[in-house]
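Q: I'd like to ask some things about the structure below.
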Amino acid sequence: MIRIALGQLEVIPGRPDLNSSAMLRMIGEARNQQADMIIFPEMSIPGYLLGDTWEQDAFLRDCEYYGQQIIAASNEITILFGNVAIDWTKRGDDGRVRKFNAFHVAQQGKLAGGDNFPYPFRIKTLHANYREFDDTRHFFSLRKLAAELHTTVDQLLQPVQITLGNRVLSVGCILCEDGWSDDYFTKPIDILSQNHSIDLLVNISSSPFTLGKNNKRNRVFSKEARDINTPLIYVNNVGLQNNGKTVYTFDGCSTVYCPDGEIAAYCSPFTAQVLTIDVSLSGSCHNLPDTTAITADNTIDRLFQAVSYGTGKFLQSIGMNRVVIGVSGGIDSAVAAALYTHVLGPENILLVNMPSLYNSETTKGLAAKLAENLGCRYVIIPIQPSVDLTLEQLRTASLVNPRTGETSKLTVTGFMTENLQARDRSSRVLAGLAAAFGGGFTCNANKCELTVGYSTLYGDQAGFLAALADLWKYQVYELAHYFNTAVYHREVIPQQTITIVPSAELSFDQSVDEGKGDPLVYPYHDYLFRAFMEYWNRATPEDILLWYQQGILEEKLGCAPNLAKQLFATPTAFIDDLERWWKLYTGLAVAKRIQAPPVLAVSRRAYGFDHREAQNMTYFTKRYQELKAELLRGESYV
């Protein structure tokens, strides 16, 4: 039996000074709890998602310096932690100094593990290069090191021997992706367990939150512990990190898996803590009374927790404590208002309604009711006078050809007028109010809108953060109910806001009082767009048309049965709708997304760095054209 402390650290990216200080405090806490060892996450000193900060030698030297402080603190306790390791004598594939994503084991003021490995630390074997990860851009892997040394990964994958009391333990040191090896030819845990006797397996990770991810991890890691009949300790960090366009929360959920695969201890999600547990190196174990009950992480509770935690941490990281929100009376802005009020308090929120002649008394009243319910300051700034002025200036402007002296006039269409309203609200009113209020203004777009660019560039797609832009419309509605029932415990978001037809109210054709609204049918398009964007093997119109032809479309998309037949009377109507949105998704919407604010990620794939896009022409595959022709021929025979 050994006493192990899980150091579930809030890692602040790019601040090795703050991280090492927090680690030293946790080490002291673990000592007070008489722990034999404390385990910290992957890259616990520098942080993980740092962009090209990894190219700064001065920063790397600081990481080494603060790492030495942690090593020096290991006189009375064994410390396992993640840090960048540097071989200053060698170069990586990019021609810069060679860096490793490394696992350090410190005992008695020095590093262990140099007796059976080229370095006194262990390095990551499998480098993730999907979603938010870009490991090979910066780090040298164990697989590359094996090739350079003319040896094998099997020979290099060695446990670290540590001494606890009178016993020598063989510890398998695994870094994050090394435990998710199903899709790799090299399987580090299998290699370690087949070639060595392992007493303890430790996986230090920096794993961002994704809805449902921990449920899968528990299945995978429980099986790994059971297969090798060895305790497996998983330690993850909490906090917020980003790679520019996408912002990730880290939920921790550090876990102790027993040799029989059962879970013995589980750290609270989104909470920095030291959890100390006595771990048996053989046999089964049971839940301890002070551990947190394991809950599913694909529920609305966890979604709310991730969004509110991430929003709060983002505001804290940029030093913003006051926010302006444009509220229309609709669901997206109402949920955004409830979210930011919960995070910052009503005294730091300014809600503004910006009606034009197209806004109904219904939605104007709902916006005012929302502000009253939340207790936020509220202002009404009509935009019609400024919109009319701009329209008049455009219509009367004379375009002069300097060579011929000829003049011409501009044609201002209804669509242009709609976009002008959205830009006037954001670029003029919200930006001006935010400056006067001493804060920033939000982007309230949801993921369905972002997918097809159903938002105005420099208009309602502007803002400092798109906190809801990784939520499909149905999730926005779920959050609205959750805010009323579980967060505020009263109706802060008016029920009519939840039931009213979603509408931009930019023309009389979008009158909510007449039941007119957005062209998006969210119960269908949410799921269609999710197939385009989130599926691991992302769907294209070819897949959609094939599923439609086979009668399995709704099953594949996960939406309500027979929905396509209810919405589209003919194959022509179905194809027209499909092509309309695919052209936008792969066309103009890409340009809009590139200029969109950072997105707070909660799903299996979020827009931004997680979803790397190029501005290419829209393409329909050869097989799609064939399927389309078959369906249209069949329709013509009816």
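Please note that chains go A, B, ... in the order of the structure tokens, that every chain numbers its residues from 1, and that ligands are numbered from 1 in the order shown.
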List the neighbours of Gln33 in chain A out to 10 Å using only C-alpha atoms; skip same-chain residues closer than 4 positions along the sequence, and give me the result as a list in words.
A: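 My reading of the contact set: Arg3, Ile4, Ala5, Ile27, Gly28, Glu29, Val274, Leu275, Thr276 and Ile277 of chain A.
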Q: Quick one: everything within 8 Å of Gly252 in chain A, counting only C-alpha atoms, minus sequence neighbours fewer than 6 positions away in the same chain. Send it as a list of chain:residue names.
A: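 Residues near the query, excluding close chain neighbours: A:Gln8, A:Ser207, A:Val235, A:Asn236, A:Asn237, A:Val238, A:Cys267, A:Ser268, A:Pro269, A:Phe270, A:Thr271, A:Ala272.
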Q: Could those selected residues go to a file with all heavy atoms, as a PDB file, in the first residue's frame?
A:
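Saved to part.pdb:
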ATOM      1  N   GLN A   8      -4.223  17.813  -8.778  1.00  0.00           N
ATOM      2  CA  GLN A   8      -5.035  18.326  -9.891  1.00  0.00           C
ATOM      3  C   GLN A   8      -4.880  19.848  -9.931  1.00  0.00           C
ATOM      4  O   GLN A   8      -5.610  20.589  -9.300  1.00  0.00           O
ATOM      5  CB  GLN A   8      -6.494  17.905  -9.724  1.00  0.00           C
ATOM      6  CG  GLN A   8      -7.366  18.304 -10.908  1.00  0.00           C
ATOM      7  CD  GLN A   8      -8.680  17.570 -10.931  1.00  0.00           C
ATOM      8  OE1 GLN A   8      -8.728  16.387 -11.269  1.00  0.00           O
ATOM      9  NE2 GLN A   8      -9.764  18.245 -10.587  1.00  0.00           N
ATOM     10  N   SER A 207      -5.656  17.201 -20.911  1.00  0.00           N
ATOM     11  CA  SER A 207      -6.734  16.747 -21.785  1.00  0.00           C
ATOM     12  C   SER A 207      -7.929  17.688 -21.688  1.00  0.00           C
ATOM     13  O   SER A 207      -8.598  17.742 -20.652  1.00  0.00           O
ATOM     14  CB  SER A 207      -7.147  15.326 -21.388  1.00  0.00           C
ATOM     15  OG  SER A 207      -8.137  14.827 -22.250  1.00  0.00           O
ATOM     16  N   VAL A 235      -3.849  11.687 -14.016  1.00  0.00           N
ATOM     17  CA  VAL A 235      -3.882  13.037 -13.442  1.00  0.00           C
ATOM     18  C   VAL A 235      -3.958  14.052 -14.576  1.00  0.00           C
ATOM     19  O   VAL A 235      -3.080  14.103 -15.450  1.00  0.00           O
ATOM     20  CB  VAL A 235      -2.661  13.310 -12.550  1.00  0.00           C
ATOM     21  CG1 VAL A 235      -2.747  14.728 -11.975  1.00  0.00           C
ATOM     22  CG2 VAL A 235      -2.589  12.295 -11.412  1.00  0.00           C
ATOM     23  N   ASN A 236      -5.001  14.847 -14.540  1.00  0.00           N
ATOM     24  CA  ASN A 236      -5.254  15.863 -15.558  1.00  0.00           C
ATOM     25  C   ASN A 236      -5.341  17.232 -14.882  1.00  0.00           C
ATOM     26  O   ASN A 236      -5.611  17.325 -13.681  1.00  0.00           O
ATOM     27  CB  ASN A 236      -6.569  15.548 -16.281  1.00  0.00           C
ATOM     28  CG  ASN A 236      -6.822  16.436 -17.485  1.00  0.00           C
ATOM     29  OD1 ASN A 236      -5.894  16.919 -18.116  1.00  0.00           O
ATOM     30  ND2 ASN A 236      -8.091  16.654 -17.800  1.00  0.00           N
ATOM     31  N   ASN A 237      -5.127  18.287 -15.632  1.00  0.00           N
ATOM     32  CA  ASN A 237      -5.192  19.628 -15.071  1.00  0.00           C
ATOM     33  C   ASN A 237      -6.567  20.255 -15.253  1.00  0.00           C
ATOM     34  O   ASN A 237      -7.404  19.772 -16.020  1.00  0.00           O
ATOM     35  CB  ASN A 237      -4.127  20.528 -15.707  1.00  0.00           C
ATOM     36  CG  ASN A 237      -4.326  20.709 -17.195  1.00  0.00           C
ATOM     37  OD1 ASN A 237      -3.990  19.821 -17.974  1.00  0.00           O
ATOM     38  ND2 ASN A 237      -4.866  21.836 -17.616  1.00  0.00           N
ATOM     39  N   VAL A 238      -6.780  21.327 -14.537  1.00  0.00           N
ATOM     40  CA  VAL A 238      -7.952  22.162 -14.757  1.00  0.00           C
ATOM     41  C   VAL A 238      -7.466  23.512 -15.274  1.00  0.00           C
ATOM     42  O   VAL A 238      -6.269  23.755 -15.418  1.00  0.00           O
ATOM     43  CB  VAL A 238      -8.785  22.334 -13.471  1.00  0.00           C
ATOM     44  CG1 VAL A 238      -9.314  20.994 -13.001  1.00  0.00           C
ATOM     45  CG2 VAL A 238      -7.977  23.000 -12.366  1.00  0.00           C
ATOM     46  N   CYS A 267     -11.333  12.914  -8.734  1.00  0.00           N
ATOM     47  CA  CYS A 267     -11.295  14.321  -8.342  1.00  0.00           C
ATOM     48  C   CYS A 267     -12.496  15.080  -8.920  1.00  0.00           C
ATOM     49  O   CYS A 267     -13.023  14.738  -9.974  1.00  0.00           O
ATOM     50  CB  CYS A 267     -10.012  14.980  -8.833  1.00  0.00           C
ATOM     51  SG  CYS A 267      -8.530  14.490  -7.949  1.00  0.00           S
ATOM     52  N   SER A 268     -12.886  16.124  -8.214  1.00  0.00           N
ATOM     53  CA  SER A 268     -14.007  16.945  -8.664  1.00  0.00           C
ATOM     54  C   SER A 268     -13.679  17.619  -9.991  1.00  0.00           C
ATOM     55  O   SER A 268     -12.559  18.099 -10.187  1.00  0.00           O
ATOM     56  CB  SER A 268     -14.326  18.023  -7.627  1.00  0.00           C
ATOM     57  OG  SER A 268     -14.642  17.448  -6.383  1.00  0.00           O
ATOM     58  N   PRO A 269     -14.645  17.690 -10.915  1.00  0.00           N
ATOM     59  CA  PRO A 269     -14.385  18.375 -12.185  1.00  0.00           C
ATOM     60  C   PRO A 269     -14.239  19.871 -11.994  1.00  0.00           C
ATOM     61  O   PRO A 269     -14.882  20.477 -11.131  1.00  0.00           O
ATOM     62  CB  PRO A 269     -15.630  18.039 -13.021  1.00  0.00           C
ATOM     63  CG  PRO A 269     -16.691  17.717 -12.025  1.00  0.00           C
ATOM     64  CD  PRO A 269     -15.995  17.108 -10.856  1.00  0.00           C
ATOM     65  N   PHE A 270     -13.354  20.477 -12.791  1.00  0.00           N
ATOM     66  CA  PHE A 270     -13.141  21.924 -12.834  1.00  0.00           C
ATOM     67  C   PHE A 270     -12.739  22.500 -11.475  1.00  0.00           C
ATOM     68  O   PHE A 270     -13.049  23.653 -11.167  1.00  0.00           O
ATOM     69  CB  PHE A 270     -14.400  22.638 -13.346  1.00  0.00           C
ATOM     70  CG  PHE A 270     -14.817  22.225 -14.732  1.00  0.00           C
ATOM     71  CD1 PHE A 270     -15.914  21.403 -14.929  1.00  0.00           C
ATOM     72  CD2 PHE A 270     -14.106  22.647 -15.839  1.00  0.00           C
ATOM     73  CE1 PHE A 270     -16.302  21.013 -16.209  1.00  0.00           C
ATOM     74  CE2 PHE A 270     -14.478  22.272 -17.120  1.00  0.00           C
ATOM     75  CZ  PHE A 270     -15.573  21.448 -17.297  1.00  0.00           C
ATOM     76  N   THR A 271     -12.030  21.709 -10.674  1.00  0.00           N
ATOM     77  CA  THR A 271     -11.629  22.152  -9.336  1.00  0.00           C
ATOM     78  C   THR A 271     -10.176  21.774  -9.091  1.00  0.00           C
ATOM     79  O   THR A 271      -9.812  20.604  -9.196  1.00  0.00           O
ATOM     80  CB  THR A 271     -12.501  21.494  -8.253  1.00  0.00           C
ATOM     81  OG1 THR A 271     -13.878  21.769  -8.527  1.00  0.00           O
ATOM     82  CG2 THR A 271     -12.145  22.024  -6.872  1.00  0.00           C
ATOM     83  N   ALA A 272      -9.349  22.766  -8.757  1.00  0.00           N
ATOM     84  CA  ALA A 272      -7.971  22.472  -8.367  1.00  0.00           C
ATOM     85  C   ALA A 272      -7.992  21.869  -6.969  1.00  0.00           C
ATOM     86  O   ALA A 272      -8.607  22.433  -6.059  1.00  0.00           O
ATOM     87  CB  ALA A 272      -7.129  23.738  -8.404  1.00  0.00           C
TER      88      ALA A 272
END
Q: Quick one: everything within 10 Å of Asn298 in chain A, counting only C-alpha atoms, minus sequence neighbours fewer than 5 positions away in the same chain. Send it as an NGL selection string.
A: :A and (210-215 or 303 or 603)
Q: Generate a file of the selected residues that holds N, CA and C atoms, formatted as a compact mmCIF listing (two decimals), in the first residue's frame.
A:
# COMPACT_ATOMS: atom_id res chain seq x y z
N THR A 210 -14.37 17.67 -23.26
CA THR A 210 -15.28 17.45 -24.37
C THR A 210 -16.47 16.69 -23.81
N LEU A 211 -17.67 17.08 -24.20
CA LEU A 211 -18.86 16.37 -23.73
C LEU A 211 -18.75 14.88 -24.02
N GLY A 212 -18.84 14.05 -22.99
CA GLY A 212 -18.82 12.60 -23.14
C GLY A 212 -17.45 11.97 -23.14
N LYS A 213 -16.39 12.78 -23.13
CA LYS A 213 -15.04 12.23 -23.25
C LYS A 213 -14.64 11.39 -22.05
N ASN A 214 -14.98 11.84 -20.85
CA ASN A 214 -14.56 11.10 -19.66
C ASN A 214 -15.23 9.74 -19.55
N ASN A 215 -16.45 9.64 -20.06
CA ASN A 215 -17.11 8.33 -20.05
C ASN A 215 -16.32 7.33 -20.88
N LEU A 303 -22.49 20.47 -19.24
CA LEU A 303 -22.39 21.48 -20.29
C LEU A 303 -22.43 22.88 -19.68
N SER A 603 -17.47 20.69 -27.57
CA SER A 603 -17.88 19.52 -28.35
C SER A 603 -16.67 18.74 -28.85
Q: Sorted by chain and rising residue number, list the residues of range 216-301 of chain A at most 10 Å from range 605-608 of chain A (counting only C-alpha atoms), each with its closest atom pair and distance in Å to one decimal, as JSON lines.
A:
{"residue": "A:Asn243", "atom": "CA", "partner": "A:Gly608", "partner_atom": "CA", "distance": 8.7}
{"residue": "A:Gly244", "atom": "CA", "partner": "A:Gly608", "partner_atom": "CA", "distance": 8.0}
{"residue": "A:Lys245", "atom": "CA", "partner": "A:Gly608", "partner_atom": "CA", "distance": 4.7}
{"residue": "A:Thr246", "atom": "CA", "partner": "A:Gly608", "partner_atom": "CA", "distance": 5.1}
{"residue": "A:Val247", "atom": "CA", "partner": "A:Gly608", "partner_atom": "CA", "distance": 8.8}
{"residue": "A:Tyr248", "atom": "CA", "partner": "A:Ala606", "partner_atom": "CA", "distance": 9.6}
Q: Running DSSP on the backbone, which parts of range 33-196 of chain A land in strand (DSSP E), as a CSV table (one decimal) with C-alpha atoms, in the first residue's frame?
A:
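Everything below was put into states35.csv:
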chain,number,residue,atom,x,y,z
A,37,MET,CA,4.3,10.7,-3.7
A,38,ILE,CA,2.4,13.5,-5.5
A,39,ILE,CA,1.6,13.4,-9.2
A,78,THR,CA,8.5,11.7,-4.6
A,79,ILE,CA,7.2,14.1,-7.2
A,80,LEU,CA,6.0,13.1,-10.7
A,81,PHE,CA,5.3,16.0,-13.0
A,82,GLY,CA,5.3,17.1,-16.6
A,83,ASN,CA,7.6,19.8,-18.1
A,84,VAL,CA,9.3,20.6,-21.4
A,85,ALA,CA,12.7,19.0,-21.5
A,86,ILE,CA,15.4,20.5,-23.8
A,87,ASP,CA,18.5,18.9,-25.3
A,88,TRP,CA,20.5,22.1,-26.1
A,89,THR,CA,23.0,20.1,-28.1
A,90,LYS,CA,20.6,18.9,-30.7
A,91,ARG,CA,18.0,20.2,-33.1
A,97,VAL,CA,16.6,23.4,-30.3
A,98,ARG,CA,15.3,19.9,-29.6
A,99,LYS,CA,12.4,19.8,-27.1
A,100,PHE,CA,10.6,16.9,-25.5
A,101,ASN,CA,7.2,16.6,-23.9
A,102,ALA,CA,8.6,15.0,-20.8
A,103,PHE,CA,7.6,13.1,-17.7
A,104,HIS,CA,9.9,13.8,-14.7
A,105,VAL,CA,10.2,11.7,-11.6
A,106,ALA,CA,12.1,13.5,-8.7
A,107,GLN,CA,13.4,11.8,-5.6
A,110,LYS,CA,17.3,14.7,-8.2
A,111,LEU,CA,15.7,13.0,-11.2
A,122,ARG,CA,10.7,9.9,-20.0
A,123,ILE,CA,9.4,11.4,-23.3
A,160,VAL,CA,11.4,4.2,-13.8
A,161,GLN,CA,12.6,2.6,-10.7
A,162,ILE,CA,11.8,4.5,-7.5
A,163,THR,CA,12.4,3.6,-3.9
A,164,LEU,CA,9.7,4.0,-1.3
A,167,ARG,CA,10.6,-1.2,-1.5
A,168,VAL,CA,11.7,-0.6,-5.1
A,169,LEU,CA,8.8,0.2,-7.4
A,170,SER,CA,8.7,-0.1,-11.2
A,171,VAL,CA,6.6,2.8,-12.5
A,172,GLY,CA,5.3,2.9,-16.1
A,173,CYS,CA,5.4,6.6,-17.1
A,174,ILE,CA,2.8,7.4,-19.7
A,175,LEU,CA,2.0,10.8,-21.2
Q: So, with only C-alpha atoms as the atoms that count, which of A:Ser20, A:Asn446, A:Thr53, A:Gln34 lies closest to Ala73 in chain A?
A: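 Looking only at the distances to Ala73 in chain A, the closest residue turns out to be A:Ser20.
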Q: Find the residues around Leu344 in chain A up to 8 Å (only C-alpha atoms counted), leave out those fewer than 6 positions away in its own chain, and share them as a VMD selection string.
A: chain A and resid 312 321 to 322
Q: Would you write out those residues with N, CA, C and O atoms, as a PDB file, in the first residue's frame?
A:
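As a result, selection.pdb now contains:
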ATOM      1  N   GLY A 312     -15.911  32.360 -17.399  1.00  0.00           N
ATOM      2  CA  GLY A 312     -15.316  33.064 -16.271  1.00  0.00           C
ATOM      3  C   GLY A 312     -13.802  33.109 -16.336  1.00  0.00           C
ATOM      4  O   GLY A 312     -13.180  34.154 -16.093  1.00  0.00           O
ATOM      5  N   ASN A 321     -13.912  42.619 -16.685  1.00  0.00           N
ATOM      6  CA  ASN A 321     -14.904  42.337 -15.649  1.00  0.00           C
ATOM      7  C   ASN A 321     -16.231  43.065 -15.851  1.00  0.00           C
ATOM      8  O   ASN A 321     -17.081  43.057 -14.967  1.00  0.00           O
ATOM      9  N   ARG A 322     -16.411  43.673 -17.030  1.00  0.00           N
ATOM     10  CA  ARG A 322     -17.689  44.286 -17.367  1.00  0.00           C
ATOM     11  C   ARG A 322     -18.020  43.942 -18.817  1.00  0.00           C
ATOM     12  O   ARG A 322     -17.134  43.933 -19.676  1.00  0.00           O
TER      13      ARG A 322
END
Q: Fewer than 3 positions away in the same chain doesn't count, so skip those; otherwise give me all residues within 12 Å of range 453-457 of chain A, counting only C-alpha atoms, as a VMD selection string.
A: chain A and resid 415 to 427 443 to 450 460 to 463 469 503 to 504 506 518 to 520 529 580 to 597
Q: Using N, CA and C atoms, can you write the selected residues to a file as a compact mmCIF listing (two decimals), in the first residue's frame?
A:
# COMPACT_ATOMS: atom_id res chain seq x y z
N PHE A 415 -31.61 43.06 -48.89
CA PHE A 415 -30.63 42.23 -48.18
C PHE A 415 -29.51 43.10 -47.60
N MET A 416 -29.10 44.09 -48.39
CA MET A 416 -28.07 45.01 -47.89
C MET A 416 -28.58 45.81 -46.69
N THR A 417 -29.83 46.18 -46.73
CA THR A 417 -30.43 46.91 -45.61
C THR A 417 -30.45 46.06 -44.34
N GLU A 418 -30.72 44.76 -44.50
CA GLU A 418 -30.71 43.86 -43.35
C GLU A 418 -29.32 43.82 -42.71
N ASN A 419 -28.30 43.65 -43.53
CA ASN A 419 -26.93 43.58 -43.01
C ASN A 419 -26.50 44.91 -42.40
N LEU A 420 -26.97 46.00 -42.98
CA LEU A 420 -26.61 47.31 -42.45
C LEU A 420 -27.11 47.47 -41.01
N GLN A 421 -28.31 46.95 -40.74
CA GLN A 421 -28.85 47.03 -39.38
C GLN A 421 -27.96 46.26 -38.40
N ALA A 422 -27.56 45.06 -38.79
CA ALA A 422 -26.74 44.23 -37.89
C ALA A 422 -25.40 44.90 -37.63
N ARG A 423 -24.81 45.50 -38.66
CA ARG A 423 -23.51 46.17 -38.47
C ARG A 423 -23.68 47.43 -37.62
N ASP A 424 -24.77 48.14 -37.80
CA ASP A 424 -24.97 49.34 -37.01
C ASP A 424 -25.09 48.99 -35.53
N ARG A 425 -25.75 47.91 -35.24
CA ARG A 425 -25.90 47.48 -33.85
C ARG A 425 -24.56 47.14 -33.22
N SER A 426 -23.76 46.37 -33.93
CA SER A 426 -22.51 45.89 -33.33
C SER A 426 -21.38 46.89 -33.46
N SER A 427 -21.08 47.29 -34.70
CA SER A 427 -19.90 48.11 -34.94
C SER A 427 -20.04 49.51 -34.37
N CYS A 443 -20.35 38.15 -28.60
CA CYS A 443 -20.90 37.52 -29.80
C CYS A 443 -21.84 36.43 -29.32
N ASN A 444 -23.11 36.50 -29.72
CA ASN A 444 -24.12 35.56 -29.22
C ASN A 444 -24.45 34.46 -30.21
N ALA A 445 -23.65 34.31 -31.26
CA ALA A 445 -23.95 33.33 -32.31
C ALA A 445 -23.88 31.91 -31.78
N ASN A 446 -24.75 31.04 -32.29
CA ASN A 446 -24.68 29.61 -31.97
C ASN A 446 -23.99 28.86 -33.09
N LYS A 447 -23.78 27.59 -32.91
CA LYS A 447 -22.98 26.80 -33.85
C LYS A 447 -23.67 26.60 -35.19
N CYS A 448 -25.00 26.49 -35.15
CA CYS A 448 -25.75 26.32 -36.40
C CYS A 448 -25.56 27.56 -37.29
N GLU A 449 -25.66 28.74 -36.69
CA GLU A 449 -25.47 29.97 -37.44
C GLU A 449 -24.05 30.09 -37.97
N LEU A 450 -23.08 29.73 -37.14
CA LEU A 450 -21.69 29.84 -37.54
C LEU A 450 -21.37 28.89 -38.69
N ASP A 460 -23.39 41.03 -36.12
CA ASP A 460 -23.68 40.18 -34.97
C ASP A 460 -22.67 39.04 -34.81
N GLN A 461 -21.71 38.93 -35.72
CA GLN A 461 -20.65 37.95 -35.53
C GLN A 461 -19.44 38.58 -34.84
N ALA A 462 -19.51 39.85 -34.50
CA ALA A 462 -18.41 40.52 -33.80
C ALA A 462 -18.52 40.27 -32.30
N GLY A 463 -17.46 40.64 -31.58
CA GLY A 463 -17.44 40.48 -30.13
C GLY A 463 -16.10 39.94 -29.67
N ALA A 469 -20.88 29.54 -29.32
CA ALA A 469 -20.68 29.16 -30.72
C ALA A 469 -20.27 27.71 -30.91
N SER A 503 -36.02 34.52 -34.84
CA SER A 503 -36.04 35.44 -35.98
C SER A 503 -35.03 36.55 -35.79
N ALA A 504 -34.38 36.94 -36.89
CA ALA A 504 -33.44 38.06 -36.85
C ALA A 504 -34.18 39.40 -36.86
N LEU A 506 -35.09 41.44 -39.26
CA LEU A 506 -34.40 42.45 -40.07
C LEU A 506 -35.24 42.93 -41.25
N ASP A 518 -36.36 32.61 -38.92
CA ASP A 518 -35.13 32.24 -39.63
C ASP A 518 -35.40 31.19 -40.70
N PRO A 519 -34.58 31.17 -41.75
CA PRO A 519 -34.72 30.12 -42.78
C PRO A 519 -34.22 28.77 -42.30
N LEU A 520 -33.55 28.73 -41.17
CA LEU A 520 -33.04 27.48 -40.63
C LEU A 520 -34.12 26.76 -39.84
N PHE A 529 -25.95 19.87 -40.08
CA PHE A 529 -24.68 20.60 -39.98
C PHE A 529 -23.71 19.89 -39.04
N ARG A 580 -27.90 24.43 -50.96
CA ARG A 580 -27.86 25.82 -50.46
C ARG A 580 -26.93 25.93 -49.26
N TRP A 581 -27.11 25.05 -48.31
CA TRP A 581 -26.33 25.16 -47.08
C TRP A 581 -24.91 24.65 -47.25
N TRP A 582 -24.70 23.63 -48.08
CA TRP A 582 -23.34 23.15 -48.32
C TRP A 582 -22.49 24.23 -48.99
N LYS A 583 -23.10 24.95 -49.94
CA LYS A 583 -22.37 26.02 -50.62
C LYS A 583 -21.98 27.13 -49.63
N LEU A 584 -22.87 27.44 -48.70
CA LEU A 584 -22.54 28.45 -47.70
C LEU A 584 -21.50 27.93 -46.72
N TYR A 585 -21.68 26.69 -46.25
CA TYR A 585 -20.76 26.10 -45.27
C TYR A 585 -19.33 26.08 -45.80
N THR A 586 -19.16 25.73 -47.08
CA THR A 586 -17.82 25.61 -47.65
C THR A 586 -17.40 26.87 -48.41
N GLY A 587 -18.26 27.87 -48.43
CA GLY A 587 -17.97 29.08 -49.18
C GLY A 587 -17.83 30.30 -48.29
N LEU A 588 -18.82 31.20 -48.35
CA LEU A 588 -18.72 32.48 -47.65
C LEU A 588 -18.59 32.30 -46.14
N ALA A 589 -19.22 31.26 -45.60
CA ALA A 589 -19.16 31.05 -44.14
C ALA A 589 -17.74 30.80 -43.66
N VAL A 590 -16.89 30.24 -44.51
CA VAL A 590 -15.49 30.02 -44.12
C VAL A 590 -14.80 31.37 -43.88
N ALA A 591 -15.01 32.29 -44.81
CA ALA A 591 -14.41 33.62 -44.65
C ALA A 591 -14.92 34.30 -43.39
N LYS A 592 -16.19 34.12 -43.09
CA LYS A 592 -16.75 34.72 -41.87
C LYS A 592 -16.15 34.07 -40.62
N ARG A 593 -16.02 32.74 -40.64
CA ARG A 593 -15.49 32.05 -39.45
C ARG A 593 -14.04 32.43 -39.18
N ILE A 594 -13.27 32.65 -40.24
CA ILE A 594 -11.87 33.03 -40.06
C ILE A 594 -11.78 34.35 -39.31
N GLN A 595 -12.77 35.22 -39.50
CA GLN A 595 -12.76 36.52 -38.84
C GLN A 595 -13.63 36.56 -37.58
N ALA A 596 -14.19 35.43 -37.20
CA ALA A 596 -15.06 35.37 -36.03
C ALA A 596 -14.24 35.47 -34.75
N PRO A 597 -14.87 35.80 -33.61
CA PRO A 597 -14.16 35.82 -32.33
C PRO A 597 -13.75 34.41 -31.91
Q: Run DSSP on the backbone and tell me which residues of range 336-545 of chain A come out as alpha helix (DSSP H); list them as number ranges by chain.
A: A: 336-344, 361-374, 384-396, 414-423, 431-437, 447-452, 473-482, 495-499, 522-533, 541-545
Q: Using only C-alpha atoms for the distances, tell me which of A:Val501, A:Val599, A:Leu157, A:Ile380 is nearest to Glu514 in chain A.
A: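 The answer is A:Val501, which sits nearest to Glu514 in chain A.
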Q: For CA of Thr152 in chain A and CA of Phe221 in chain A, quote the distance in Å rounded to one decimal.
A: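 It comes out at 25.3 Å.
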Q: How many Å lie between CA of Ala306 in chain A and CA of Val602 in chain A, rounded to one decimal?
A: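 Pair CA of Ala306 in chain A / CA of Val602 in chain A returns 7.0 Å.
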Q: Which residue, A:Ile493, A:Leu200, A:Leu471, A:Ala573, has the smallest gap to Leu374 in chain A when you use only C-alpha atoms?
A: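 Of A:Ile493, A:Leu200, A:Leu471, A:Ala573, the one nearest Leu374 in chain A is A:Ile493, counting only C-alpha atoms.
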Q: Residues within 6 Å of range 141-147 of chain A, please, as an mmCIF file with N, CA and C atoms, in the first residue's frame. Count only C-alpha atoms; anything in the same chain fewer than 3 positions from it doesn't count.
A:
data_model
loop_
_atom_site.group_PDB
_atom_site.id
_atom_site.type_symbol
_atom_site.label_atom_id
_atom_site.label_comp_id
_atom_site.auth_asym_id
_atom_site.auth_seq_id
_atom_site.Cartn_x
_atom_site.Cartn_y
_atom_site.Cartn_z
ATOM 1 N N LYS A 124 7.312 11.587 -24.477
ATOM 2 C CA LYS A 124 6.062 11.123 -25.074
ATOM 3 C C LYS A 124 6.339 10.304 -26.330
ATOM 4 N N THR A 125 5.643 9.194 -26.453
ATOM 5 C CA THR A 125 5.828 8.312 -27.598
ATOM 6 C C THR A 125 4.934 8.706 -28.760
ATOM 7 N N HIS A 150 18.977 4.250 -33.870
ATOM 8 C CA HIS A 150 19.028 2.936 -34.524
ATOM 9 C C HIS A 150 18.637 1.821 -33.554
ATOM 10 N N THR A 151 17.565 2.099 -32.798
ATOM 11 C CA THR A 151 17.039 1.087 -31.899
ATOM 12 C C THR A 151 15.526 1.045 -32.079
ATOM 13 N N THR A 152 14.826 0.407 -31.174
ATOM 14 C CA THR A 152 13.377 0.266 -31.295
ATOM 15 C C THR A 152 12.681 0.963 -30.136
ATOM 16 N N VAL A 153 11.420 1.260 -30.345
ATOM 17 C CA VAL A 153 10.610 1.826 -29.268
ATOM 18 C C VAL A 153 10.542 0.858 -28.097
#
Q: Which is closest to Asp115 in chain A among A:Gln241, A:Gln158, A:Thr485, A:Asn373, if we use only C-alpha atoms?
A: A:Gln158
Q: Determine the nearest neighbour of Pro571 in chain A from the options A:Arg633, A:Lys216, A:Lys313, A:Arg302, counting only C-alpha atoms.
A: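 Checking each of A:Arg633, A:Lys216, A:Lys313, A:Arg302 against Pro571 in chain A, counting only C-alpha atoms, the winner is A:Arg633.
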